[in-house]
>>> print(open('model.txt').read())   # compact mmCIF, C-alpha atoms
# COMPACT_ATOMS: atom_id res chain seq x y z
CA MET W 1 0.00 0.00 0.00
CA THR W 2 1.09 3.57 -0.76
CA ARG W 3 -0.26 6.39 1.39
CA ILE W 4 -0.74 9.82 -0.21
CA ILE W 5 -1.93 13.13 1.28
CA PHE W 6 -3.11 16.17 -0.69
CA THR W 7 -3.35 19.64 0.86
CA GLY W 8 -4.92 22.82 -0.42
CA ASP W 9 -3.30 26.23 -0.89
CA LEU W 10 0.00 26.87 0.86
CA LEU W 11 1.01 30.56 0.97
CA LEU W 12 4.35 31.82 2.30
CA ASP W 13 3.81 35.56 1.90
CA ARG W 14 1.69 38.44 3.20
CA GLY W 15 0.35 37.50 6.66
CA VAL W 16 2.18 34.17 6.61
CA ARG W 17 5.46 36.01 5.94
CA GLU W 18 4.88 38.09 9.08
CA LYS W 19 4.17 34.92 11.04
CA ILE W 20 7.42 33.36 9.79
CA LYS W 21 9.39 36.50 10.72
CA HIS W 22 8.15 36.38 14.30
CA LYS W 23 7.81 32.64 14.95
CA GLY W 24 9.77 30.81 12.25
CA MET W 25 8.69 28.22 9.69
CA ASP W 26 8.34 25.37 12.17
CA ASP W 27 5.55 27.25 13.97
CA LEU W 28 3.35 26.77 10.88
CA PHE W 29 3.20 23.02 11.47
CA HIS W 30 1.02 21.90 14.37
CA GLU W 31 1.88 18.52 15.87
CA SER W 32 -1.41 17.08 14.60
CA ILE W 33 -0.36 17.89 11.01
CA ASP W 34 3.15 16.54 11.55
CA ALA W 35 1.74 13.25 12.80
CA ILE W 36 -0.23 12.74 9.59
CA PHE W 37 2.42 13.96 7.16
CA LEU W 38 5.21 11.88 8.65
CA SER W 39 3.09 8.72 8.58
CA ASN W 40 2.42 9.00 4.83
CA ASP W 41 4.66 8.16 1.88
CA ILE W 42 3.79 11.17 -0.29
CA VAL W 43 2.48 14.63 0.64
CA VAL W 44 1.40 16.93 -2.20
CA ALA W 45 0.81 20.62 -1.44
CA ASN W 46 -0.26 23.45 -3.74
CA LEU W 47 2.45 26.14 -3.42
CA GLU W 48 0.50 29.36 -3.96
CA CYS W 49 3.57 31.57 -4.54
CA PRO W 50 6.96 31.51 -6.27
CA ALA W 51 9.89 30.77 -3.95
CA THR W 52 12.77 32.82 -5.29
CA LYS W 53 15.08 35.77 -4.62
CA ILE W 54 14.20 37.08 -8.09
CA LYS W 55 11.95 40.14 -7.87
CA GLU W 56 10.38 40.72 -11.27
CA PRO W 57 6.67 41.07 -10.41
CA ILE W 58 4.16 40.94 -13.23
CA HIS W 59 1.32 43.48 -13.22
CA LYS W 60 -1.62 42.03 -11.30
CA LYS W 61 -3.68 42.61 -8.15
CA PHE W 62 -2.16 40.03 -5.79
CA ILE W 63 1.57 39.38 -6.15
CA PHE W 64 3.33 36.88 -3.90
CA ARG W 65 6.89 35.71 -3.26
CA ALA W 66 8.45 33.41 -0.66
CA GLU W 67 12.06 33.18 0.44
CA PRO W 68 13.48 30.02 -1.15
CA GLU W 69 15.28 28.89 2.02
CA TRP W 70 11.88 28.45 3.67
CA LEU W 71 11.28 25.44 1.44
CA GLU W 72 13.76 23.44 3.52
CA ARG W 73 11.29 23.28 6.41
CA LEU W 74 8.43 22.21 4.15
CA GLU W 75 10.50 19.16 3.25
CA GLY W 76 11.48 18.77 6.91
CA HIS W 77 7.83 18.47 7.89
CA GLY W 78 7.12 15.76 5.35
CA ILE W 79 6.01 17.55 2.17
CA THR W 80 7.38 15.70 -0.85
CA HIS W 81 5.74 17.37 -3.89
CA LEU W 82 4.76 20.98 -4.64
CA ASN W 83 2.20 21.86 -7.31
CA LEU W 84 3.06 24.86 -9.48
CA ALA W 85 0.08 24.65 -11.85
CA ASN W 86 -1.72 27.58 -10.24
CA ASN W 87 -2.24 31.28 -10.96
CA HIS W 88 0.46 32.59 -8.57
CA SER W 89 3.52 30.54 -9.53
CA MET W 90 4.36 33.11 -12.21
CA ASP W 91 3.96 36.18 -9.96
CA GLN W 92 7.69 36.98 -10.30
CA GLY W 93 7.84 36.38 -14.03
CA ARG W 94 9.28 33.56 -16.08
CA LYS W 95 12.70 33.74 -14.41
CA GLY W 96 11.08 33.55 -10.98
CA LEU W 97 9.04 30.56 -12.09
CA VAL W 98 12.09 28.69 -13.37
CA ASP W 99 14.05 29.51 -10.21
CA THR W 100 11.19 28.24 -8.04
CA ARG W 101 11.50 24.87 -9.74
CA THR W 102 15.27 24.94 -9.11
CA GLN W 103 14.74 25.75 -5.43
CA ILE W 104 12.16 22.99 -4.96
CA LEU W 105 14.61 20.45 -6.39
CA LYS W 106 17.40 21.88 -4.25
CA TYR W 107 15.42 21.06 -1.13
CA ASN W 108 14.67 17.50 -2.26
CA MET W 109 11.05 17.92 -3.26
CA THR W 110 9.41 17.38 -6.65
CA PRO W 111 7.77 20.22 -8.62
CA LEU W 112 4.51 19.37 -10.39
CA GLY W 113 2.74 20.96 -13.33
CA PHE W 114 5.81 22.89 -14.54
CA GLY W 115 8.03 22.47 -17.57
CA MET W 116 10.52 24.28 -19.76
CA ASN W 117 7.79 24.15 -22.42
CA ALA W 118 4.08 23.31 -22.51
CA LYS W 119 4.59 19.68 -23.50
CA GLU W 120 6.92 19.07 -20.55
CA ALA W 121 4.70 20.99 -18.11
CA CYS W 122 1.72 18.72 -18.82
CA LYS W 123 3.51 15.37 -18.68
CA SER W 124 2.17 12.98 -16.08
CA SER W 125 4.19 12.55 -12.89
CA LEU W 126 4.83 9.04 -11.62
CA LEU W 127 4.20 9.28 -7.88
CA ALA W 128 4.61 5.63 -6.96
CA THR W 129 5.18 2.17 -8.43
CA TYR W 130 4.03 -0.03 -5.52
CA PRO W 131 1.64 -1.79 -5.27
CA ARG W 132 0.87 -0.38 -8.73
CA LYS W 133 1.83 2.67 -10.72
CA VAL W 134 0.27 5.94 -9.56
CA TYR W 135 0.26 8.88 -11.96
CA LEU W 136 -0.64 12.50 -11.26
CA LEU W 137 -1.74 15.10 -13.82
CA SER W 138 -1.72 18.75 -12.64
CA SER W 139 -3.38 21.59 -14.54
CA LEU W 140 -4.29 25.26 -14.09
CA GLN W 141 -7.84 26.02 -15.23
CA VAL W 142 -8.34 29.66 -14.20
CA PRO W 143 -7.11 32.68 -16.17
CA SER W 144 -3.63 34.01 -15.42
CA GLU W 145 -3.52 37.81 -15.10
CA ASN W 146 -1.08 39.50 -17.50
CA TRP W 147 0.80 36.27 -18.15
CA THR W 148 1.56 35.46 -21.76
CA PHE W 149 1.33 31.73 -22.36
CA LEU W 150 4.10 30.74 -24.77
CA GLU W 151 4.12 27.10 -25.78
CA ASN W 152 7.92 26.86 -26.15
CA GLN W 153 8.84 28.84 -23.03
CA PRO W 154 8.87 27.82 -19.33
CA CYS W 155 5.30 27.60 -18.09
CA VAL W 156 2.80 25.73 -15.95
CA CYS W 157 0.34 23.27 -17.43
CA GLU W 158 -2.88 24.85 -18.75
CA GLU W 159 -4.12 21.94 -20.83
CA SER W 160 -7.73 21.57 -22.01
CA PHE W 161 -10.00 18.91 -20.56
CA GLU W 162 -9.96 17.15 -23.92
CA ALA W 163 -6.16 16.96 -23.80
CA ILE W 164 -6.15 15.80 -20.16
CA SER W 165 -8.70 13.12 -21.06
CA GLU W 166 -6.45 11.89 -23.85
CA ARG W 167 -3.48 11.69 -21.45
CA ILE W 168 -5.55 9.64 -19.02
CA LYS W 169 -6.61 7.27 -21.79
CA GLU W 170 -2.99 6.86 -22.93
CA ILE W 171 -1.92 5.88 -19.41
CA LYS W 172 -4.79 3.41 -19.02
CA ASP W 173 -4.18 1.91 -22.47
CA LYS W 174 -0.59 1.14 -21.50
CA ASP W 175 -1.43 -0.06 -17.99
CA ALA W 176 -5.09 -0.69 -17.20
CA ASN W 177 -4.31 -1.14 -13.50
CA ALA W 178 -2.49 2.18 -13.14
CA ALA W 179 -4.08 4.69 -10.76
CA VAL W 180 -4.57 8.18 -12.22
CA ILE W 181 -5.09 11.23 -10.00
CA VAL W 182 -5.94 14.62 -11.53
CA GLN W 183 -5.13 17.80 -9.59
CA LEU W 184 -6.92 20.93 -10.83
CA HIS W 185 -6.58 24.59 -9.89
CA TRP W 186 -10.06 25.74 -10.84
CA GLY W 187 -13.43 27.11 -9.81
CA VAL W 188 -14.76 30.37 -8.40
CA GLU W 189 -13.15 31.91 -5.33
CA HIS W 190 -15.07 32.10 -2.04
CA THR W 191 -17.94 29.88 -3.18
CA LEU W 192 -19.14 26.66 -1.57
CA LYS W 193 -20.30 24.73 -4.62
CA PRO W 194 -18.71 23.97 -7.99
CA MET W 195 -20.19 25.31 -11.21
CA ILE W 196 -22.27 22.96 -13.35
CA LEU W 197 -19.52 23.15 -16.00
CA GLN W 198 -16.97 21.86 -13.47
CA LYS W 199 -19.16 18.87 -12.69
CA GLN W 200 -19.39 18.09 -16.39
CA GLN W 201 -15.60 18.43 -16.73
CA ALA W 202 -14.97 16.18 -13.73
CA TYR W 203 -17.29 13.51 -15.11
CA GLN W 204 -15.49 13.75 -18.45
CA LEU W 205 -12.15 13.01 -16.76
CA ILE W 206 -13.55 10.06 -14.81
CA ASP W 207 -15.21 8.73 -17.95
CA ALA W 208 -11.73 8.87 -19.52
CA GLY W 209 -10.32 6.76 -16.68
CA ALA W 210 -9.33 9.12 -13.85
CA ASP W 211 -9.60 7.52 -10.40
CA VAL W 212 -9.52 10.62 -8.16
CA ILE W 213 -9.91 14.37 -8.78
CA VAL W 214 -8.53 16.88 -6.28
CA GLY W 215 -9.26 20.59 -6.74
CA HIS W 216 -8.19 23.89 -5.20
CA HIS W 217 -8.31 27.67 -5.84
CA PRO W 218 -11.63 28.81 -4.29
CA HIS W 219 -10.05 29.06 -0.77
CA THR W 220 -13.10 27.23 0.54
CA VAL W 221 -14.16 23.64 1.04
CA GLN W 222 -16.62 22.68 -1.67
CA THR W 223 -18.76 19.66 -2.49
CA VAL W 224 -17.27 16.18 -2.23
CA GLU W 225 -18.93 13.80 -4.66
CA LEU W 226 -18.72 10.21 -5.89
CA TYR W 227 -19.18 9.60 -9.61
CA LYS W 228 -18.94 6.02 -10.82
CA GLU W 229 -17.59 5.30 -7.32
CA LYS W 230 -14.65 7.68 -7.95
CA PRO W 231 -14.16 10.61 -5.53
CA ILE W 232 -14.27 14.22 -6.72
CA TYR W 233 -12.98 16.85 -4.30
CA TYR W 234 -14.00 20.03 -6.10
CA SER W 235 -12.06 22.25 -3.70
CA ILE W 236 -10.19 21.26 -0.55
CA GLY W 237 -9.72 24.87 0.57
CA ASN W 238 -6.71 26.46 2.21
CA PHE W 239 -3.88 24.80 4.10
CA ILE W 240 -1.34 27.35 5.34
CA PHE W 241 -2.98 30.69 4.57
CA ASP W 242 -3.67 34.09 6.14
CA GLN W 243 -7.34 34.60 5.25
CA LYS W 244 -9.40 35.04 8.42
CA LYS W 245 -13.05 34.79 7.39
CA PRO W 246 -14.77 31.63 8.66
CA ILE W 247 -15.49 30.49 5.09
CA ASN W 248 -11.72 30.53 4.37
CA SER W 249 -10.55 29.08 7.69
CA LYS W 250 -11.55 25.49 7.03
CA GLY W 251 -9.82 23.00 4.78
CA LEU W 252 -9.47 19.34 3.97
CA LEU W 253 -6.59 16.97 3.69
CA VAL W 254 -7.33 14.22 1.20
CA SER W 255 -5.95 10.86 2.28
CA LEU W 256 -5.53 8.19 -0.38
CA LYS W 257 -4.51 4.63 0.34
CA ILE W 258 -3.49 2.94 -2.87
CA TYR W 259 -3.91 -0.83 -2.90
CA LYS W 260 -3.35 -3.17 -5.82
CA GLU W 261 -7.04 -3.39 -6.66
CA LYS W 262 -8.65 -0.40 -4.95
CA ILE W 263 -8.19 3.14 -3.66
CA VAL W 264 -9.53 4.12 -0.26
CA SER W 265 -10.10 7.88 0.00
CA THR W 266 -10.97 9.79 3.15
CA GLN W 267 -11.01 13.44 4.04
CA ILE W 268 -9.49 14.93 7.17
CA GLU W 269 -10.99 18.24 8.32
CA ILE W 270 -8.67 21.06 9.37
CA ASP W 271 -9.15 24.46 10.99
CA ILE W 272 -6.76 27.31 10.21
CA GLU W 273 -6.03 29.78 13.00
CA ASN W 274 -3.49 32.58 12.63
CA CYS W 275 -2.18 30.88 9.44
CA VAL W 276 -1.65 27.52 11.18
CA PRO W 277 -3.70 24.46 10.18
CA LYS W 278 -4.71 21.94 12.86
CA ILE W 279 -6.67 18.71 12.65
CA ARG W 280 -10.26 19.32 13.75
CA LYS W 281 -11.09 17.24 16.81
>>> encode(input="model.txt", output="structure tokens")
Amino acid sequence: MTRIIFTGDLLLDRGVREKIKHKGMDDLFHESIDAIFLSNDIVVANLECPATKIKEPIHKKFIFRAEPEWLERLEGHGITHLNLANNHSMDQGRKGLVDTRTQILKYNMTPLGFGMNAKEACKSSLLATYPRKVYLLSSLQVPSENWTFLENQPCVCEESFEAISERIKEIKDKDANAAVIVQLHWGVEHTLKPMILQKQQAYQLIDAGADVIVGHHPHTVQTVELYKEKPIYYSIGNFIFDQKKPINSKGLLVSLKIYKEKIVSTQIEIDIENCVPKIRK
């Protein structure tokens, strides 16, 4: 069995930056979170900011940047993979995006949803091989402000649902027993339900062979649904974040246990207080 955890949005700027300045990175990780992360094989978090010393902000409303050395403590607390297929990874321009990937690798984690060109950015990631192969596809599905998508330049994955469906089918054609997880940055911020279009898109991916769909971006926990006995987490909300409204201060961890013939998925509820997530008792 392989154990995998997915978290929602992880921000290391703005209010979280102030928290780090006063208390340090380790203060962001409550013992209840550590206990779960360190008992799993893989922990995937959505890094909602570039981590780089490069300061080349693009013109947009919310611009984030983390200090790259902070990544060391993410790895130290059990995070193994960081998703970059979101609308803030490019906040410090293309150079900042590329350097973020370099910094993630430097601190022994794996970047997801990024490539030196569009084809590379959208390649599936092999998360595990035991007890069967587990693939992850990561894609950004919300508009990027003032970011020019160039197919042959460094970028994050922004593939269409048709293209993602084809990738899923290719994986399943080669290995029918492979598990395929799709991670999507999508939806409408600060809402509690997905759009009808999202439901149609999720069903399309499961019809193509996806086994689990995990979403984030709305900063809220949205509907959890089973379709053809496959779980769809439309939005798992925030993880480490500085938003204080009650709607934004709850999140989910998605726990997947991958067996040879089945996947057992459960959700673990978290509360976020002063940027710090804790397991809800």
>>> closest_atom_pairs(input="model.txt", of="range 2-55 of chain W", to="range 111-127 of chain W", cutoff="10 Å", atoms="only C-alpha atoms", output="JSON lines")
{"residue": "W:Thr2", "atom": "CA", "partner": "W:Leu127", "partner_atom": "CA", "distance": 9.6}
{"residue": "W:Ile4", "atom": "CA", "partner": "W:Leu127", "partner_atom": "CA", "distance": 9.1}
{"residue": "W:Asp41", "atom": "CA", "partner": "W:Leu127", "partner_atom": "CA", "distance": 9.8}
{"residue": "W:Ile42", "atom": "CA", "partner": "W:Leu127", "partner_atom": "CA", "distance": 7.8}
{"residue": "W:Val44", "atom": "CA", "partner": "W:Leu112", "partner_atom": "CA", "distance": 9.1}
{"residue": "W:Ala45", "atom": "CA", "partner": "W:Leu112", "partner_atom": "CA", "distance": 9.8}
{"residue": "W:Asn46", "atom": "CA", "partner": "W:Leu112", "partner_atom": "CA", "distance": 9.1}
{"residue": "W:Leu47", "atom": "CA", "partner": "W:Pro111", "partner_atom": "CA", "distance": 9.5}
>>> residues_around(input="model.txt", residues="range 144-159 of chain W", least_positions_apart="3", cutoff="10 Å", atoms="only C-alpha atoms", output="PDB file with C-alpha atoms, in the coordinates of the input")
ATOM      1  CA  ILE W  58       4.160  40.940 -13.230  1.00  0.00           C
ATOM      2  CA  HIS W  59       1.320  43.480 -13.220  1.00  0.00           C
ATOM      3  CA  LYS W  60      -1.620  42.030 -11.300  1.00  0.00           C
ATOM      4  CA  LYS W  61      -3.680  42.610  -8.150  1.00  0.00           C
ATOM      5  CA  PHE W  62      -2.160  40.030  -5.790  1.00  0.00           C
ATOM      6  CA  ASN W  83       2.200  21.860  -7.310  1.00  0.00           C
ATOM      7  CA  LEU W  84       3.060  24.860  -9.480  1.00  0.00           C
ATOM      8  CA  ALA W  85       0.080  24.650 -11.850  1.00  0.00           C
ATOM      9  CA  ASN W  86      -1.720  27.580 -10.240  1.00  0.00           C
ATOM     10  CA  ASN W  87      -2.240  31.280 -10.960  1.00  0.00           C
ATOM     11  CA  HIS W  88       0.460  32.590  -8.570  1.00  0.00           C
ATOM     12  CA  SER W  89       3.520  30.540  -9.530  1.00  0.00           C
ATOM     13  CA  MET W  90       4.360  33.110 -12.210  1.00  0.00           C
ATOM     14  CA  ASP W  91       3.960  36.180  -9.960  1.00  0.00           C
ATOM     15  CA  GLY W  93       7.840  36.380 -14.030  1.00  0.00           C
ATOM     16  CA  ARG W  94       9.280  33.560 -16.080  1.00  0.00           C
ATOM     17  CA  LYS W  95      12.700  33.740 -14.410  1.00  0.00           C
ATOM     18  CA  LEU W  97       9.040  30.560 -12.090  1.00  0.00           C
ATOM     19  CA  VAL W  98      12.090  28.690 -13.370  1.00  0.00           C
ATOM     20  CA  LEU W 112       4.510  19.370 -10.390  1.00  0.00           C
ATOM     21  CA  GLY W 113       2.740  20.960 -13.330  1.00  0.00           C
ATOM     22  CA  PHE W 114       5.810  22.890 -14.540  1.00  0.00           C
ATOM     23  CA  GLY W 115       8.030  22.470 -17.570  1.00  0.00           C
ATOM     24  CA  MET W 116      10.520  24.280 -19.760  1.00  0.00           C
ATOM     25  CA  ASN W 117       7.790  24.150 -22.420  1.00  0.00           C
ATOM     26  CA  ALA W 118       4.080  23.310 -22.510  1.00  0.00           C
ATOM     27  CA  LYS W 119       4.590  19.680 -23.500  1.00  0.00           C
ATOM     28  CA  GLU W 120       6.920  19.070 -20.550  1.00  0.00           C
ATOM     29  CA  ALA W 121       4.700  20.990 -18.110  1.00  0.00           C
ATOM     30  CA  CYS W 122       1.720  18.720 -18.820  1.00  0.00           C
ATOM     31  CA  LYS W 123       3.510  15.370 -18.680  1.00  0.00           C
ATOM     32  CA  LEU W 137      -1.740  15.100 -13.820  1.00  0.00           C
ATOM     33  CA  SER W 138      -1.720  18.750 -12.640  1.00  0.00           C
ATOM     34  CA  SER W 139      -3.380  21.590 -14.540  1.00  0.00           C
ATOM     35  CA  LEU W 140      -4.290  25.260 -14.090  1.00  0.00           C
ATOM     36  CA  GLN W 141      -7.840  26.020 -15.230  1.00  0.00           C
ATOM     37  CA  GLU W 162      -9.960  17.150 -23.920  1.00  0.00           C
ATOM     38  CA  ALA W 163      -6.160  16.960 -23.800  1.00  0.00           C
ATOM     39  CA  ILE W 164      -6.150  15.800 -20.160  1.00  0.00           C
ATOM     40  CA  SER W 165      -8.700  13.120 -21.060  1.00  0.00           C
ATOM     41  CA  LEU W 184      -6.920  20.930 -10.830  1.00  0.00           C
ATOM     42  CA  HIS W 185      -6.580  24.590  -9.890  1.00  0.00           C
TER      43      HIS W 185
END
>>> atom_distance(input="model.txt", atom1="CA of Glu189 in chain W", atom2="CA of Leu136 in chain W")
23.8 Å
>>> atom_distance(input="model.txt", atom1="CA of Ala128 in chain W", atom2="CA of Val182 in chain W")
14.6 Å
>>> residues_around(input="model.txt", residues="Lys262 in chain W", least_positions_apart="3", cutoff="10 Å", atoms="all atoms listed in the file", output="list in words")
Met1, Asn177, Ala179, Asp211, Lys257, Ile258, Tyr259 and Ser265 of chain W
>>> closest_residue(input="model.txt", among="W:Val188, W:Ala178, W:Leu71, W:Leu10", to="Ile272 in chain W", atoms="all atoms listed in the file")
W:Leu10
>>> atom_distance(input="model.txt", atom1="CA of Gln222 in chain W", atom2="CA of Pro277 in chain W")
17.6 Å
>>> closest_residue(input="model.txt", among="W:His217, W:Val212, W:Ile196, W:Ile247", to="Pro143 in chain W", atoms="all atoms listed in the file")
W:His217
>>> closest_residue(input="model.txt", among="W:Ile279, W:Leu82, W:Ile36, W:Ile104", to="Gln183 in chain W", atoms="all atoms listed in the file")
W:Leu82
>>> closest_residue(input="model.txt", among="W:Thr80, W:Lys260, W:Ala208, W:Gln92", to="Glu170 in chain W", atoms="only C-alpha atoms")
W:Ala208
>>> closest_residue(input="model.txt", among="W:Glu273, W:Asp173, W:Asp99, W:Phe161", to="Leu197 in chain W", atoms="all atoms listed in the file")
W:Phe161
>>> closest_residue(input="model.txt", among="W:Ile171, W:Val43, W:Ile33, W:Leu28", to="Glu269 in chain W", atoms="all atoms listed in the file")
W:Ile33
>>> residues_around(input="model.txt", residues="Pro68 in chain W", least_positions_apart="6", cutoff="7 Å", atoms="all atoms listed in the file", output="ChimeraX atom specification")
/W:51-53,103
>>> write_last_selection(input="model.txt", atoms="C-alpha atoms", output="JSON list (two decimals), in the coordinates of the input")
[["chain", "number", "residue", "atom", "x", "y", "z"],
["W", 51, "ALA", "CA", 9.89, 30.77, -3.95],
["W", 52, "THR", "CA", 12.77, 32.82, -5.29],
["W", 53, "LYS", "CA", 15.08, 35.77, -4.62],
["W", 103, "GLN", "CA", 14.74, 25.75, -5.43]]
>>> residues_around(input="model.txt", residues="Glu229 in chain W", least_positions_apart="2", cutoff="10 Å", atoms="only C-alpha atoms", output="ChimeraX atom specification")
/W:206,211-212,225-227,231-232
>>> build_atoms(input="model.txt", residues="range 56-80 of chain W", atoms="N, CA and C atoms", output="PDB file, in the frame of the given file")
ATOM      1  N   GLU W  56      10.801  40.175  -9.987  1.00  0.00           N
ATOM      2  CA  GLU W  56      10.380  40.720 -11.270  1.00  0.00           C
ATOM      3  C   GLU W  56       8.859  40.570 -11.385  1.00  0.00           C
ATOM      4  N   PRO W  57       8.125  41.278 -10.489  1.00  0.00           N
ATOM      5  CA  PRO W  57       6.670  41.070 -10.410  1.00  0.00           C
ATOM      6  C   PRO W  57       5.959  41.443 -11.707  1.00  0.00           C
ATOM      7  N   ILE W  58       5.012  40.594 -12.096  1.00  0.00           N
ATOM      8  CA  ILE W  58       4.160  40.940 -13.230  1.00  0.00           C
ATOM      9  C   ILE W  58       3.036  41.841 -12.713  1.00  0.00           C
ATOM     10  N   HIS W  59       2.348  42.511 -13.613  1.00  0.00           N
ATOM     11  CA  HIS W  59       1.320  43.480 -13.220  1.00  0.00           C
ATOM     12  C   HIS W  59       0.000  42.764 -12.956  1.00  0.00           C
ATOM     13  N   LYS W  60      -0.358  42.663 -11.678  1.00  0.00           N
ATOM     14  CA  LYS W  60      -1.620  42.030 -11.300  1.00  0.00           C
ATOM     15  C   LYS W  60      -1.988  42.481  -9.890  1.00  0.00           C
ATOM     16  N   LYS W  61      -3.178  42.105  -9.442  1.00  0.00           N
ATOM     17  CA  LYS W  61      -3.680  42.610  -8.150  1.00  0.00           C
ATOM     18  C   LYS W  61      -2.933  42.010  -6.965  1.00  0.00           C
ATOM     19  N   PHE W  62      -2.832  40.697  -6.904  1.00  0.00           N
ATOM     20  CA  PHE W  62      -2.160  40.030  -5.790  1.00  0.00           C
ATOM     21  C   PHE W  62      -0.861  39.407  -6.285  1.00  0.00           C
ATOM     22  N   ILE W  63       0.247  39.858  -5.724  1.00  0.00           N
ATOM     23  CA  ILE W  63       1.570  39.380  -6.150  1.00  0.00           C
ATOM     24  C   ILE W  63       2.285  38.811  -4.929  1.00  0.00           C
ATOM     25  N   PHE W  64       2.708  37.553  -5.021  1.00  0.00           N
ATOM     26  CA  PHE W  64       3.330  36.880  -3.900  1.00  0.00           C
ATOM     27  C   PHE W  64       4.775  36.481  -4.215  1.00  0.00           C
ATOM     28  N   ARG W  65       5.529  36.246  -3.143  1.00  0.00           N
ATOM     29  CA  ARG W  65       6.890  35.710  -3.260  1.00  0.00           C
ATOM     30  C   ARG W  65       7.321  35.177  -1.899  1.00  0.00           C
ATOM     31  N   ALA W  66       7.906  33.992  -1.889  1.00  0.00           N
ATOM     32  CA  ALA W  66       8.450  33.410  -0.660  1.00  0.00           C
ATOM     33  C   ALA W  66       9.966  33.379  -0.739  1.00  0.00           C
ATOM     34  N   GLU W  67      10.609  33.355   0.410  1.00  0.00           N
ATOM     35  CA  GLU W  67      12.060  33.180   0.440  1.00  0.00           C
ATOM     36  C   GLU W  67      12.365  31.700   0.169  1.00  0.00           C
ATOM     37  N   PRO W  68      13.259  31.415  -0.763  1.00  0.00           N
ATOM     38  CA  PRO W  68      13.480  30.020  -1.150  1.00  0.00           C
ATOM     39  C   PRO W  68      13.987  29.130  -0.022  1.00  0.00           C
ATOM     40  N   GLU W  69      14.744  29.716   0.924  1.00  0.00           N
ATOM     41  CA  GLU W  69      15.280  28.890   2.020  1.00  0.00           C
ATOM     42  C   GLU W  69      14.163  28.344   2.920  1.00  0.00           C
ATOM     43  N   TRP W  70      12.999  28.957   2.867  1.00  0.00           N
ATOM     44  CA  TRP W  70      11.880  28.450   3.670  1.00  0.00           C
ATOM     45  C   TRP W  70      11.426  27.074   3.209  1.00  0.00           C
ATOM     46  N   LEU W  71      11.709  26.744   1.966  1.00  0.00           N
ATOM     47  CA  LEU W  71      11.280  25.440   1.440  1.00  0.00           C
ATOM     48  C   LEU W  71      11.907  24.272   2.212  1.00  0.00           C
ATOM     49  N   GLU W  72      13.070  24.510   2.782  1.00  0.00           N
ATOM     50  CA  GLU W  72      13.760  23.440   3.520  1.00  0.00           C
ATOM     51  C   GLU W  72      12.869  22.865   4.618  1.00  0.00           C
ATOM     52  N   ARG W  73      12.121  23.755   5.309  1.00  0.00           N
ATOM     53  CA  ARG W  73      11.290  23.280   6.410  1.00  0.00           C
ATOM     54  C   ARG W  73      10.007  22.623   5.922  1.00  0.00           C
ATOM     55  N   LEU W  74       9.561  22.953   4.706  1.00  0.00           N
ATOM     56  CA  LEU W  74       8.430  22.210   4.150  1.00  0.00           C
ATOM     57  C   LEU W  74       8.825  20.747   3.989  1.00  0.00           C
ATOM     58  N   GLU W  75       9.994  20.531   3.421  1.00  0.00           N
ATOM     59  CA  GLU W  75      10.500  19.160   3.250  1.00  0.00           C
ATOM     60  C   GLU W  75      10.721  18.519   4.618  1.00  0.00           C
ATOM     61  N   GLY W  76      11.221  19.290   5.572  1.00  0.00           N
ATOM     62  CA  GLY W  76      11.480  18.770   6.910  1.00  0.00           C
ATOM     63  C   GLY W  76      10.231  18.305   7.635  1.00  0.00           C
ATOM     64  N   HIS W  77       9.099  18.864   7.267  1.00  0.00           N
ATOM     65  CA  HIS W  77       7.830  18.470   7.890  1.00  0.00           C
ATOM     66  C   HIS W  77       7.056  17.463   7.049  1.00  0.00           C
ATOM     67  N   GLY W  78       7.704  16.904   6.042  1.00  0.00           N
ATOM     68  CA  GLY W  78       7.120  15.760   5.350  1.00  0.00           C
ATOM     69  C   GLY W  78       6.533  16.020   3.979  1.00  0.00           C
ATOM     70  N   ILE W  79       6.531  17.276   3.508  1.00  0.00           N
ATOM     71  CA  ILE W  79       6.010  17.550   2.170  1.00  0.00           C
ATOM     72  C   ILE W  79       7.003  17.048   1.136  1.00  0.00           C
ATOM     73  N   THR W  80       6.507  16.324   0.145  1.00  0.00           N
ATOM     74  CA  THR W  80       7.380  15.700  -0.850  1.00  0.00           C
ATOM     75  C   THR W  80       7.224  16.314  -2.247  1.00  0.00           C
TER      76      THR W  80
END
